[in-house]
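Okay, so here's the structure we're looking at.
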Amino acid sequence: MALLVFTFLLSCFVAVLSQPNGWKMTDRFVGFRYEMDLKNQAVEDDDNMLNRIRSKADENFCFGWAQRTIEEQIVGEVRCNKRRGIQMMEWLLKLGDKVMLRQYEDTKIFLHFSRFELLDIARKTCFQDAPHQCPELKHENNI
């Protein structure tokens with residue numbers, strides 16, 4: 001019985017490793033987070049910018065979220081098919097001088113929604129590292 005279980009597990013492992021190109025999640029999707037610093041920039045109001053980001057995500061069939069922060073930033077995560085995700089990243093980078101992106105190797109975003117959501121400023125969404133690093137961790141790393 002142990003040999004049968006071992007053989008089954010080994011065949012599952014080999015099947016996962018031998019996926020043809022184009023079938024892996026990383027071949028088909030892109031996921032990333034971003035941070036856009038709006039301080040001292042001549043940009044439109046935050047709500048209009050948030051709605052533009054959501055419209056662009058919807059246009060590209062992406063899901064994820066965007067949020068305005070008390071630090072005068074717009075932050076969020078996006079996941080799309082690979083081609084449209086790259087277009088979305090390029091579009092975000094053109095929105096201002098101070099845009100930081102971080103692409104996820106496994107494509108998986110941390111907050112999942114069935115569509116693109118605009119989150120309330122009070123919701124805690126920060127991460128342990130940049131972009132959109134938690135303020136208390138920024139201060140710890142600078143000491």
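Identifiers in this document derive from the order of the structure tokens: chains are assigned A, B, ..., residues are numbered from 1 separately in each chain, and ligands are numbered from 1 in order of occurrence.
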Compile the contact shell of Ile121 (chain A) as a CSV table (one decimal) with C-alpha atoms, in the first residue's frame: residues with an atom at most 8 Å away, counting only C-alpha atoms, same-chain residues fewer than 4 positions apart removed.
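After the write, part10.csv holds the following:
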```csv
chain,number,residue,atom,x,y,z
A,67,GLN,CA,-7.0,52.9,-2.3
A,68,ARG,CA,-6.1,56.4,-1.3
A,69,THR,CA,-3.9,56.6,1.8
A,70,ILE,CA,-3.5,59.3,4.4
```
At a cut-off of 9 Å, using only C-alpha atoms, what residues contact region 31-38 of chain A? Leave out same-chain residues fewer than 4 positions from it and give the result as a ChimeraX atom specification. /A:42-43,46,71-82,85,89,92-93,95-109,130-132
Only N, CA, C and O atoms, please: the residues just picked out, written as a short mmCIF file (atom, residue, chain, number, x, y, z; two decimals), in the first residue's frame.
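Saved as selection23.cif:
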```
data_model
loop_
_atom_site.label_atom_id
_atom_site.label_comp_id
_atom_site.auth_asym_id
_atom_site.auth_seq_id
_atom_site.Cartn_x
_atom_site.Cartn_y
_atom_site.Cartn_z
N ALA A 42 1.21 67.73 -9.94
CA ALA A 42 0.06 68.38 -10.56
C ALA A 42 -0.82 67.29 -11.18
O ALA A 42 -0.75 67.02 -12.37
N VAL A 43 -1.57 66.63 -10.33
CA VAL A 43 -2.50 65.60 -10.82
C VAL A 43 -3.90 65.97 -10.40
O VAL A 43 -4.12 66.80 -9.52
N ASP A 46 -7.86 62.94 -6.15
CA ASP A 46 -7.66 61.52 -5.87
C ASP A 46 -8.80 60.64 -6.35
O ASP A 46 -8.58 59.58 -6.92
N GLU A 71 -1.23 59.19 3.55
CA GLU A 71 0.09 59.72 3.17
C GLU A 71 0.07 60.36 1.78
O GLU A 71 1.13 60.56 1.18
N GLU A 72 -1.13 60.66 1.25
CA GLU A 72 -1.30 61.25 -0.07
C GLU A 72 -0.72 60.35 -1.17
O GLU A 72 0.05 60.78 -2.01
N GLN A 73 -1.12 59.10 -1.11
CA GLN A 73 -0.72 58.13 -2.12
C GLN A 73 -1.94 57.39 -2.63
O GLN A 73 -2.97 57.35 -1.96
N ILE A 74 -1.79 56.81 -3.78
CA ILE A 74 -2.77 55.83 -4.26
C ILE A 74 -2.00 54.53 -4.38
O ILE A 74 -0.91 54.48 -4.97
N VAL A 75 -2.54 53.49 -3.77
CA VAL A 75 -1.88 52.19 -3.73
C VAL A 75 -2.87 51.12 -4.19
O VAL A 75 -4.07 51.35 -4.23
N GLY A 76 -2.34 49.95 -4.54
CA GLY A 76 -3.24 48.86 -4.90
C GLY A 76 -2.52 47.66 -5.44
O GLY A 76 -1.28 47.61 -5.50
N GLU A 77 -3.33 46.68 -5.85
CA GLU A 77 -2.84 45.45 -6.47
C GLU A 77 -3.69 45.17 -7.70
O GLU A 77 -4.88 45.48 -7.73
N VAL A 78 -3.05 44.55 -8.69
CA VAL A 78 -3.73 44.23 -9.94
C VAL A 78 -3.30 42.85 -10.39
O VAL A 78 -2.13 42.48 -10.26
N ARG A 79 -4.25 42.08 -10.95
CA ARG A 79 -3.93 40.80 -11.59
C ARG A 79 -4.71 40.71 -12.89
O ARG A 79 -5.92 40.97 -12.91
N CYS A 80 -4.01 40.36 -13.97
CA CYS A 80 -4.63 40.27 -15.30
C CYS A 80 -3.94 39.17 -16.09
O CYS A 80 -2.91 38.65 -15.66
N ASN A 81 -4.48 38.91 -17.30
CA ASN A 81 -3.70 38.03 -18.17
C ASN A 81 -2.42 38.77 -18.52
O ASN A 81 -2.32 39.98 -18.36
N LYS A 82 -1.44 38.04 -18.95
CA LYS A 82 -0.08 38.59 -19.07
C LYS A 82 -0.01 39.82 -19.98
O LYS A 82 0.56 40.84 -19.61
N GLY A 85 -1.86 42.73 -18.42
CA GLY A 85 -1.19 43.15 -17.20
C GLY A 85 0.01 44.03 -17.49
O GLY A 85 0.25 45.02 -16.81
N MET A 89 0.55 47.89 -16.34
CA MET A 89 1.75 48.41 -15.66
C MET A 89 2.32 49.61 -16.41
O MET A 89 2.67 50.62 -15.80
N LEU A 92 0.12 52.65 -15.80
CA LEU A 92 0.31 53.22 -14.46
C LEU A 92 1.61 54.02 -14.38
O LEU A 92 1.65 55.09 -13.77
N LEU A 93 2.68 53.51 -14.99
CA LEU A 93 3.97 54.20 -14.94
C LEU A 93 3.91 55.56 -15.63
O LEU A 93 4.67 56.47 -15.29
N LEU A 95 1.46 57.63 -15.44
CA LEU A 95 0.60 58.55 -14.69
C LEU A 95 1.36 59.57 -13.86
O LEU A 95 0.80 60.57 -13.44
N GLY A 96 2.61 59.32 -13.58
CA GLY A 96 3.36 60.28 -12.77
C GLY A 96 4.81 59.86 -12.60
O GLY A 96 5.20 58.75 -12.94
N ASP A 97 5.57 60.79 -12.04
CA ASP A 97 7.00 60.55 -11.82
C ASP A 97 7.25 59.57 -10.68
O ASP A 97 8.24 58.87 -10.68
N LYS A 98 6.37 59.57 -9.72
CA LYS A 98 6.62 58.81 -8.49
C LYS A 98 5.71 57.59 -8.40
O LYS A 98 4.90 57.48 -7.49
N VAL A 99 5.85 56.68 -9.33
CA VAL A 99 5.08 55.44 -9.32
C VAL A 99 6.06 54.29 -9.11
O VAL A 99 7.06 54.18 -9.82
N MET A 100 5.78 53.45 -8.12
CA MET A 100 6.63 52.30 -7.84
C MET A 100 5.79 51.03 -8.04
O MET A 100 4.67 50.94 -7.55
N LEU A 101 6.35 50.08 -8.78
CA LEU A 101 5.68 48.80 -9.04
C LEU A 101 6.52 47.66 -8.50
O LEU A 101 7.74 47.72 -8.51
N ARG A 102 5.83 46.60 -8.10
CA ARG A 102 6.51 45.37 -7.72
C ARG A 102 5.70 44.20 -8.28
O ARG A 102 4.57 43.96 -7.86
N GLN A 103 6.29 43.51 -9.22
CA GLN A 103 5.61 42.37 -9.84
C GLN A 103 5.80 41.13 -8.98
O GLN A 103 6.90 40.87 -8.49
N TYR A 104 4.73 40.38 -8.78
CA TYR A 104 4.79 39.16 -7.99
C TYR A 104 5.26 38.00 -8.86
O TYR A 104 4.73 37.79 -9.95
N GLU A 105 6.23 37.24 -8.38
CA GLU A 105 6.73 36.09 -9.14
C GLU A 105 5.66 35.04 -9.38
O GLU A 105 5.61 34.44 -10.44
N ASP A 106 4.80 34.82 -8.39
CA ASP A 106 3.77 33.79 -8.54
C ASP A 106 2.45 34.35 -9.09
O ASP A 106 1.49 33.62 -9.23
N THR A 107 2.39 35.62 -9.40
CA THR A 107 1.26 36.36 -9.97
C THR A 107 0.11 36.58 -9.00
O THR A 107 -0.83 37.29 -9.34
N LYS A 108 0.14 36.00 -7.82
CA LYS A 108 -1.00 36.06 -6.91
C LYS A 108 -1.01 37.34 -6.09
O LYS A 108 -0.03 37.64 -5.40
N ILE A 109 -2.10 38.07 -6.17
CA ILE A 109 -2.25 39.25 -5.34
C ILE A 109 -2.78 38.82 -3.97
O ILE A 109 -3.33 37.74 -3.83
N ALA A 130 8.28 47.60 0.50
CA ALA A 130 7.79 48.54 -0.51
C ALA A 130 7.46 47.78 -1.80
O ALA A 130 8.02 46.71 -2.05
N PRO A 131 6.56 48.30 -2.60
CA PRO A 131 5.79 49.52 -2.38
C PRO A 131 4.64 49.30 -1.40
O PRO A 131 4.21 48.18 -1.18
N HIS A 132 4.17 50.41 -0.84
CA HIS A 132 3.08 50.45 0.14
C HIS A 132 3.46 49.71 1.42
O HIS A 132 2.73 48.88 1.93
#
```
All helix (DSSP H, G or I) positions in region 6-125 of chain A, as a VMD selection string: chain A and resid 6 to 17 25 to 28 46 to 59 82 to 93
Hey, can you check how far CA of Ala66 (chain A) sits from CA of Lys94 (chain A)?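 Spanning CA of Ala66 (chain A) to CA of Lys94 (chain A) is a straight-line distance of 16.7 Å.
Interatomic distance, CA of Ala122 (chain A) against CA of Ile53 (chain A): 19.4 Å.
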DSSP strand (DSSP E or B) selection over region 2-139 of chain A, as a ChimeraX atom specification: /A:29-37,63-68,73-81,99-103,116-119,127,133
Please indicate the distance in Å from CA of Gln87 (chain A) to CA of Gln128 (chain A), rounded to one decimal place.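 Result for CA of Gln87 (chain A) versus CA of Gln128 (chain A): 26.5 Å, one decimal.
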